[in-house]
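Chemist: Coordinates in upload07.txt, compact mmCIF, C-alpha atoms, are listed below.
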# COMPACT_ATOMS: atom_id res chain seq x y z
CA MET A 1 -14.51 -18.43 -5.71
CA THR A 2 -11.91 -20.71 -7.27
CA PRO A 3 -8.18 -20.52 -7.91
CA ALA A 4 -7.49 -20.21 -11.65
CA SER A 5 -4.22 -20.62 -13.50
CA TRP A 6 -3.15 -18.23 -16.25
CA PRO A 7 -0.16 -18.15 -18.62
CA CYS A 8 2.30 -15.45 -17.63
CA PRO A 9 5.24 -14.24 -19.77
CA ARG A 10 8.69 -14.54 -18.15
CA PRO A 11 11.52 -12.01 -18.67
CA ASP A 12 13.44 -14.61 -20.78
CA GLY A 13 10.59 -14.94 -23.28
CA THR A 14 9.24 -18.28 -21.99
CA THR A 15 5.84 -18.64 -20.36
CA GLY A 16 5.14 -19.65 -16.77
CA ALA A 17 1.91 -20.22 -14.88
CA GLU A 18 0.55 -17.95 -12.18
CA LEU A 19 -2.54 -18.21 -10.01
CA ALA A 20 -5.50 -15.88 -9.63
CA LEU A 21 -8.54 -15.91 -7.39
CA ALA A 22 -11.51 -15.94 -9.70
CA PHE A 23 -15.27 -15.52 -9.57
CA ASP A 24 -15.94 -16.59 -13.15
CA ASP A 25 -19.46 -17.19 -14.36
CA PHE A 26 -18.78 -16.18 -17.99
CA ARG A 27 -20.64 -12.95 -17.43
CA ARG A 28 -20.44 -9.83 -19.56
CA TRP A 29 -18.77 -7.65 -16.97
CA ARG A 30 -15.31 -8.86 -15.99
CA LEU A 31 -13.07 -6.92 -13.60
CA LEU A 32 -9.33 -7.55 -13.30
CA ILE A 33 -7.90 -6.38 -9.96
CA VAL A 34 -4.20 -5.50 -9.76
CA PRO A 35 -3.43 -6.07 -6.07
CA ALA A 36 -1.68 -3.77 -3.63
CA LEU A 37 2.07 -4.44 -3.30
CA PHE A 38 4.32 -6.17 -0.75
CA ASP A 39 3.32 -5.65 2.86
CA GLU A 40 0.23 -3.68 1.82
CA ALA A 41 -0.89 -6.69 -0.23
CA ASN A 42 -1.23 -8.71 2.98
CA ARG A 43 -3.12 -5.98 4.76
CA MET A 44 -5.47 -5.42 1.80
CA ARG A 45 -6.07 -9.00 0.68
CA ARG A 46 -9.06 -9.84 2.83
CA PHE A 47 -10.68 -6.51 2.01
CA THR A 48 -10.03 -7.09 -1.70
CA VAL A 49 -11.67 -10.51 -1.61
CA GLU A 50 -14.63 -9.09 0.35
CA VAL A 51 -15.12 -6.54 -2.45
CA MET A 52 -14.94 -9.38 -5.02
CA ARG A 53 -17.65 -11.34 -3.18
CA ARG A 54 -19.94 -8.33 -3.33
CA LEU A 55 -19.23 -7.78 -7.03
CA ASP A 56 -19.95 -11.45 -7.71
CA ASN A 57 -23.33 -11.02 -6.01
CA ALA A 58 -23.90 -7.95 -8.15
CA GLY A 59 -23.34 -9.93 -11.35
CA VAL A 60 -19.71 -8.98 -12.06
CA ASP A 61 -16.98 -11.60 -12.63
CA CYS A 62 -13.71 -10.67 -10.97
CA PHE A 63 -10.12 -11.85 -11.03
CA LEU A 64 -7.27 -11.22 -8.61
CA PRO A 65 -4.00 -12.43 -10.20
CA ASP A 66 -0.71 -12.87 -8.35
CA LEU A 67 2.11 -10.63 -9.51
CA PRO A 68 5.05 -12.87 -10.56
CA GLY A 69 7.34 -13.39 -7.55
CA CYS A 70 4.56 -12.54 -5.06
CA ASN A 71 1.97 -14.48 -3.08
CA GLU A 72 1.73 -18.07 -4.50
CA SER A 73 4.08 -17.42 -7.42
CA PHE A 74 7.09 -19.72 -7.97
CA GLU A 75 9.00 -17.08 -9.93
CA PRO A 76 12.00 -15.43 -8.21
CA LEU A 77 10.97 -11.94 -7.07
CA ASP A 78 14.45 -10.50 -7.61
CA HIS A 79 14.22 -11.29 -11.35
CA GLN A 80 11.13 -9.11 -11.73
CA THR A 81 11.02 -5.51 -12.90
CA PRO A 82 8.13 -3.04 -13.20
CA GLU A 83 8.12 -3.97 -16.89
CA THR A 84 7.63 -7.70 -16.23
CA TRP A 85 4.76 -6.89 -13.85
CA GLN A 86 3.15 -4.65 -16.45
CA MET A 87 3.47 -7.44 -19.04
CA ALA A 88 2.06 -9.95 -16.56
CA MET A 89 -1.04 -7.89 -15.82
CA THR A 90 -1.58 -7.26 -19.53
CA ALA A 91 -1.41 -11.04 -20.09
CA ALA A 92 -3.83 -11.67 -17.21
CA ALA A 93 -6.31 -9.14 -18.61
CA ARG A 94 -6.15 -10.86 -22.00
CA HIS A 95 -6.48 -14.38 -20.55
CA PHE A 96 -9.47 -13.52 -18.37
CA ARG A 97 -10.98 -11.29 -21.10
CA ALA A 98 -11.29 -8.41 -18.63
CA SER A 99 -13.72 -5.64 -19.53
CA HIS A 100 -12.57 -3.33 -16.70
CA VAL A 101 -9.61 -2.96 -14.37
CA LEU A 102 -9.07 -1.83 -10.79
CA GLY A 103 -5.59 -0.99 -9.45
CA ILE A 104 -5.28 -0.92 -5.67
CA ARG A 105 -2.59 1.35 -4.14
CA GLY A 106 0.74 0.40 -5.79
CA GLY A 107 -1.17 -1.96 -8.09
CA ALA A 108 -2.25 1.19 -9.94
CA LEU A 109 1.31 1.30 -11.33
CA PHE A 110 0.78 -1.91 -13.29
CA MET A 111 -2.67 -1.59 -14.83
CA PRO A 112 -3.00 -2.96 -18.36
CA ALA A 113 -3.45 -0.21 -20.95
CA GLY A 114 -6.63 0.23 -22.92
CA LEU A 115 -9.18 -0.90 -20.33
CA PRO A 116 -11.60 1.43 -18.56
CA GLY A 117 -11.40 1.33 -14.80
CA TRP A 118 -10.33 2.81 -11.50
CA ARG A 119 -7.32 3.48 -9.32
CA TYR A 120 -8.15 3.08 -5.64
CA ALA A 121 -5.91 5.31 -3.47
CA PRO A 122 -3.04 5.06 -6.01
CA ALA A 123 0.50 5.20 -4.58
CA LYS A 124 3.80 6.22 -6.15
CA GLY A 125 6.68 3.76 -6.26
CA ALA A 126 8.88 6.21 -4.32
CA THR A 127 6.34 6.42 -1.46
CA ILE A 128 6.11 2.64 -1.12
CA LEU A 129 9.88 2.27 -1.30
CA ARG A 130 10.49 5.02 1.25
CA GLN A 131 8.20 3.35 3.75
CA MET A 132 9.82 -0.07 3.29
CA MET A 133 13.32 1.39 3.61
CA ARG A 134 12.26 3.21 6.76
CA ALA A 135 10.95 -0.02 8.29
CA ARG A 136 14.29 -1.65 7.55
CA ILE A 137 16.25 1.29 8.99
CA LEU A 138 14.16 1.17 12.17
CA ALA A 139 14.59 -2.60 12.54
CA SER A 140 18.34 -2.28 11.92
CA ARG A 141 18.61 0.48 14.49
CA GLU A 142 16.96 -1.78 17.07
CA ALA A 143 19.67 -4.32 16.25
CA GLY A 144 22.39 -1.66 16.65
CA ARG A 145 23.13 -1.10 12.93
CA VAL A 146 22.99 2.36 11.39
CA GLU A 147 21.65 2.55 7.82
CA SER A 148 20.37 5.41 5.65
CA GLN A 149 17.98 5.52 2.70
CA GLU A 150 20.68 6.91 0.40
CA GLN A 151 23.11 4.17 1.32
CA LEU A 152 20.48 1.40 1.05
CA LEU A 153 19.33 2.64 -2.34
CA ALA A 154 22.87 2.98 -3.69
CA GLU A 155 23.72 -0.58 -2.55
CA GLY A 156 20.37 -1.85 -3.77
CA LEU A 157 20.80 -0.47 -7.29
CA ASP A 158 24.06 -2.44 -7.57
CA ASN A 159 23.26 -5.65 -5.72
CA GLY A 160 19.53 -5.72 -4.99
CA LEU A 161 17.99 -5.11 -1.60
CA GLU A 162 15.89 -7.02 0.92
CA LEU A 163 13.04 -4.92 2.32
CA SER A 164 10.45 -6.32 4.75
CA GLY A 165 11.35 -9.83 3.60
CA TYR A 166 11.02 -8.96 -0.11
CA ARG A 167 14.21 -9.43 -2.14
CA LEU A 168 14.13 -6.77 -4.87
CA GLY A 169 16.60 -6.67 -7.75
CA GLY A 170 18.64 -3.59 -8.71
CA ASP A 171 16.75 -3.18 -12.00
CA PHE A 172 13.47 -3.29 -10.13
CA LEU A 173 14.55 -0.61 -7.66
CA GLY A 174 15.91 1.64 -10.40
CA ALA A 175 12.64 1.72 -12.32
CA PHE A 176 10.25 1.45 -9.36
CA GLN A 177 11.55 4.50 -7.50
CA SER A 178 10.42 6.79 -10.32
CA ALA A 179 7.20 4.92 -11.16
CA VAL A 180 4.02 7.01 -10.88
CA PRO A 181 0.46 5.86 -11.63
CA LYS A 182 -0.32 6.77 -15.23
CA VAL A 183 -3.28 8.93 -16.10
CA ALA A 184 -5.28 7.16 -18.80
CA ALA A 185 -8.51 7.81 -20.66
CA GLY A 186 -11.45 6.03 -19.03
CA VAL A 187 -9.60 5.50 -15.75
CA SER A 188 -10.71 7.50 -12.72
CA ASP A 189 -9.54 7.72 -9.12
CA ILE A 190 -11.40 6.50 -6.05
CA GLU A 191 -10.10 8.42 -3.05
CA GLN A 192 -10.27 6.98 0.44
CA GLY A 193 -12.69 9.71 1.52
CA MET A 194 -15.31 8.21 -0.83
CA LEU A 195 -15.36 4.97 1.20
CA GLY A 196 -15.54 6.54 4.66
CA GLY A 197 -13.15 5.46 7.42
CA SER A 198 -9.39 5.18 7.07
CA GLY A 199 -7.45 3.14 4.53
CA LEU A 200 -6.88 -0.45 5.65
CA TRP A 201 -3.32 -0.40 4.25
CA LEU A 202 -2.45 1.95 7.12
CA ARG A 203 -3.36 -0.57 9.78
CA ALA A 204 -0.61 -2.10 11.86
CA GLU A 205 -2.49 -5.42 11.67
CA PRO A 206 -4.54 -6.76 8.74
CA ASP A 207 -8.15 -5.76 9.34
CA GLU A 208 -11.49 -5.68 7.56
CA ASP A 209 -14.25 -3.14 7.19
CA ARG A 210 -17.67 -4.21 5.93
CA GLU A 211 -18.89 -0.68 5.24
CA GLN A 212 -15.81 0.23 3.18
CA ALA A 213 -16.13 -3.00 1.18
CA ASP A 214 -19.83 -2.21 0.54
CA ALA A 215 -18.94 1.31 -0.59
CA LEU A 216 -16.12 0.29 -2.94
CA ALA A 217 -18.16 -2.56 -4.46
CA ALA A 218 -21.10 -0.19 -5.02
CA ILE A 219 -18.93 2.41 -6.78
CA LEU A 220 -17.42 -0.32 -9.01
CA ALA A 221 -20.67 -2.13 -9.78
CA ILE A 222 -22.48 1.08 -10.72
CA GLY A 223 -19.54 2.26 -12.83
CA ILE A 224 -19.12 -1.07 -14.61
CA LYS A 225 -22.77 -1.34 -15.56
CA ALA A 226 -23.15 2.35 -16.49
CA MET B 1 -1.69 25.15 16.06
CA ARG B 2 -0.77 22.82 18.91
CA GLN B 3 -4.38 21.78 19.37
CA ASP B 4 -4.91 21.11 15.65
CA THR B 5 -1.72 19.08 15.55
CA GLU B 6 -2.83 17.06 18.57
CA VAL B 7 -6.23 16.26 17.01
CA LEU B 8 -4.57 15.21 13.74
CA LEU B 9 -1.97 13.07 15.50
CA ARG B 10 -4.66 11.26 17.52
CA GLN B 11 -6.56 10.62 14.29
CA ILE B 12 -3.47 9.22 12.53
CA LEU B 13 -2.72 6.93 15.47
CA ALA B 14 -6.35 5.77 15.53
CA ASP B 15 -6.13 4.98 11.80
CA VAL B 16 -2.87 3.05 12.13
CA LEU B 17 -3.94 1.15 15.25
CA GLY B 18 -7.46 0.54 13.95
CA LEU B 19 -9.10 2.27 16.94
CA LYS B 20 -12.77 3.17 17.06
CA PRO B 21 -13.66 6.88 16.81
CA GLY B 22 -12.92 8.54 20.12
CA GLN B 23 -10.73 5.72 21.44
CA ALA B 24 -7.51 7.68 20.84
CA ASP B 25 -8.95 10.57 22.90
CA GLY B 26 -7.88 8.60 25.95
CA PHE B 27 -4.19 8.88 25.03
CA SER B 28 -2.30 10.98 27.58
CA ALA B 29 1.24 12.36 27.30
CA GLU B 30 2.46 9.23 29.15
CA THR B 31 0.67 6.67 26.94
CA GLY B 32 3.39 4.33 25.66
CA LEU B 33 3.73 3.74 21.90
CA PHE B 34 6.78 2.08 20.27
CA GLY B 35 7.97 -0.71 22.53
CA HIS B 36 4.68 -0.70 24.47
CA LEU B 37 2.12 -1.67 21.82
CA PRO B 38 3.01 -5.02 20.23
CA GLU B 39 1.22 -4.17 16.97
CA LEU B 40 3.39 -1.06 16.52
CA ASP B 41 6.36 -2.86 14.95
CA SER B 42 8.95 -1.27 12.65
CA MET B 43 6.72 -1.66 9.56
CA ALA B 44 3.78 -0.02 11.34
CA VAL B 45 5.98 2.79 12.65
CA ALA B 46 7.31 3.39 9.13
CA GLY B 47 3.69 3.67 7.95
CA LEU B 48 2.84 5.97 10.83
CA LEU B 49 5.73 8.33 10.03
CA THR B 50 4.88 8.43 6.32
CA GLU B 51 1.26 9.21 7.13
CA MET B 52 2.36 11.92 9.57
CA GLU B 53 4.44 13.51 6.80
CA ASP B 54 1.46 13.49 4.45
CA ARG B 55 -1.23 14.73 6.76
CA LEU B 56 0.79 17.07 8.98
CA ASP B 57 2.73 18.43 6.03
CA ILE B 58 6.18 17.86 7.53
CA LEU B 59 9.32 16.04 6.40
CA ILE B 60 11.00 13.66 8.82
CA ASP B 61 14.67 12.79 8.35
CA ASP B 62 15.60 9.23 9.24
CA ASP B 63 18.22 10.42 11.71
CA GLU B 64 15.52 12.34 13.61
CA ILE B 65 13.73 9.07 14.34
CA ASP B 66 14.74 7.53 17.62
CA GLY B 67 13.22 5.44 20.38
CA GLU B 68 12.73 8.44 22.63
CA MET B 69 10.65 10.40 20.12
CA LEU B 70 8.42 7.38 19.51
CA GLU B 71 8.16 6.20 23.08
CA THR B 72 5.08 8.05 24.27
CA PHE B 73 2.22 10.01 22.79
CA GLY B 74 3.60 13.11 24.56
CA SER B 75 7.08 12.81 23.06
CA LEU B 76 5.71 12.18 19.56
CA LEU B 77 3.39 15.19 19.85
CA GLU B 78 6.24 17.36 21.08
CA PHE B 79 8.34 16.32 18.08
CA VAL B 80 5.56 17.15 15.61
CA VAL B 81 4.67 20.48 17.25
CA THR B 82 8.33 21.55 17.13
CA LYS B 83 8.53 20.52 13.47
CA ARG B 84 5.39 22.42 12.47
CA THR B 85 6.18 25.52 14.55
CA GLY B 86 9.68 25.67 13.10
CA ARG B 87 8.28 25.51 9.60
CA THR B 88 5.69 28.26 10.08
CA SER B 89 7.62 30.49 12.50
CA GLY B 90 8.01 33.07 9.72
CA ASP B 91 4.27 33.55 9.22
CA ASP B 92 2.94 33.29 12.79
Could you write out this structure as structure tokens?
Modeler:
Amino acid sequence: MTPASWPCPRPDGTTGAELALAFDDFRRWRLLIVPALFDEANRMRRFTVEVMRRLDNAGVDCFLPDLPGCNESFEPLDHQTPETWQMAMTAAARHFRASHVLGIRGGALFMPAGLPGWRYAPAKGATILRQMMRARILASREAGRVESQEQLLAEGLDNGLELSGYRLGGDFLGAFQSAVPKVAAGVSDIEQGMLGGSGLWLRAEPDEDREQADALAAILAIGIKA
Amino acid sequence: MRQDTEVLLRQILADVLGLKPGQADGFSAETGLFGHLPELDSMAVAGLLTEMEDRLDILIDDDEIDGEMLETFGSLLEFVVTKRTGRTSGDD
């Protein structure tokens, strides 16, 4: 596994560089993974890489790019919108010559069009946002401040909003709250029940699960080579 | 209904806390949650509430959430049972 750099379009039309974790052996089957978002990204990262290791052993190249503004990215997160993330993942798919795509949780919202693949436990933008706003409301309440989701969202649409340490712009919030994973030809859903056990994004602490990683990698490897 | 709700709530807590099957069976009404378990921070509680809404088919208003309701397994269960009974009181 090596870090790889890929050219990523910026909102102003210029091109920046983002990183991806890559298992690249110039093989025929090449899977792009759009990661889970925000806090869930941290809780799912180890699991995601464990799945990639298994796919590598099964003869599948795989790529886990950073979304601009997240993880190792130097881009400002509050300049991003769902559209810039969609463009970024489309550029990553092109650069790595992906043959298939996997969107994990909220990552399913930003899958490049035209590739066959899977959505693992896809989540709506509104669900992710609601949970992050709730965490902020709870933390504020502990500190003696009263906030509500309506008030946070109204303020956020005008001035941006910081949720769980992520500074999101107003344009992002406006589009993200109504974003739903798109149904596309050749893309099917992998529900949590198919992996056994409970989803690792639910865990209070980042965790791993060998059996779930085996199960997800097996579903992907069989599907990719079918 | 109460028993089903209790089983589901134990399962949700086990999933959020990463407990082994059966480990949440040991929770009693007095078992402390928010403020007692360091891993149950505000982000984890937000996840717990969202999961409860999904799996127990209830809606939780933010102003219903307070320290007391989250303090023990017993108080959380009581909250959920009241929610679910209220919702289905017409058909029971």
Chemist: Pick out the chain B residues within 12 Å of chain A. Count only C-alpha atoms. Give them as a count of residues only.
Modeler: 40
Chemist: Just want the 9 Å neighbourhood of A:Leu129, counted on all atoms listed in the file, with same-chain residues fewer than 4 positions away dropped. Output as JSON, numbers by chain.
Modeler: {"A": [124, 125, 133, 134, 163, 173, 176, 177]}
Chemist: Could you take the residues named above and write them with C-alpha atoms, as an mmCIF file, in the coordinates of the input?
Modeler:
data_model
loop_
_atom_site.group_PDB
_atom_site.id
_atom_site.type_symbol
_atom_site.label_atom_id
_atom_site.label_comp_id
_atom_site.auth_asym_id
_atom_site.auth_seq_id
_atom_site.Cartn_x
_atom_site.Cartn_y
_atom_site.Cartn_z
ATOM 1 C CA LYS A 124 3.800 6.220 -6.150
ATOM 2 C CA GLY A 125 6.680 3.760 -6.260
ATOM 3 C CA MET A 133 13.320 1.390 3.610
ATOM 4 C CA ARG A 134 12.260 3.210 6.760
ATOM 5 C CA LEU A 163 13.040 -4.920 2.320
ATOM 6 C CA LEU A 173 14.550 -0.610 -7.660
ATOM 7 C CA PHE A 176 10.250 1.450 -9.360
ATOM 8 C CA GLN A 177 11.550 4.500 -7.500
#
Chemist: Pull the neighbourhood of (19.2, 2.5, -4.7) for me: all residues within 12 Å in file coordinates, counting only C-alpha atoms, as number ranges by chain.
Modeler: A: 126, 129-130, 133, 148-163, 168-178
Chemist: Taking only C-alpha atoms into account, name the residue in A:Trp6, A:Trp29, A:Phe74, A:Phe23 that is nearest to A:Ser99.
Modeler: A:Trp29
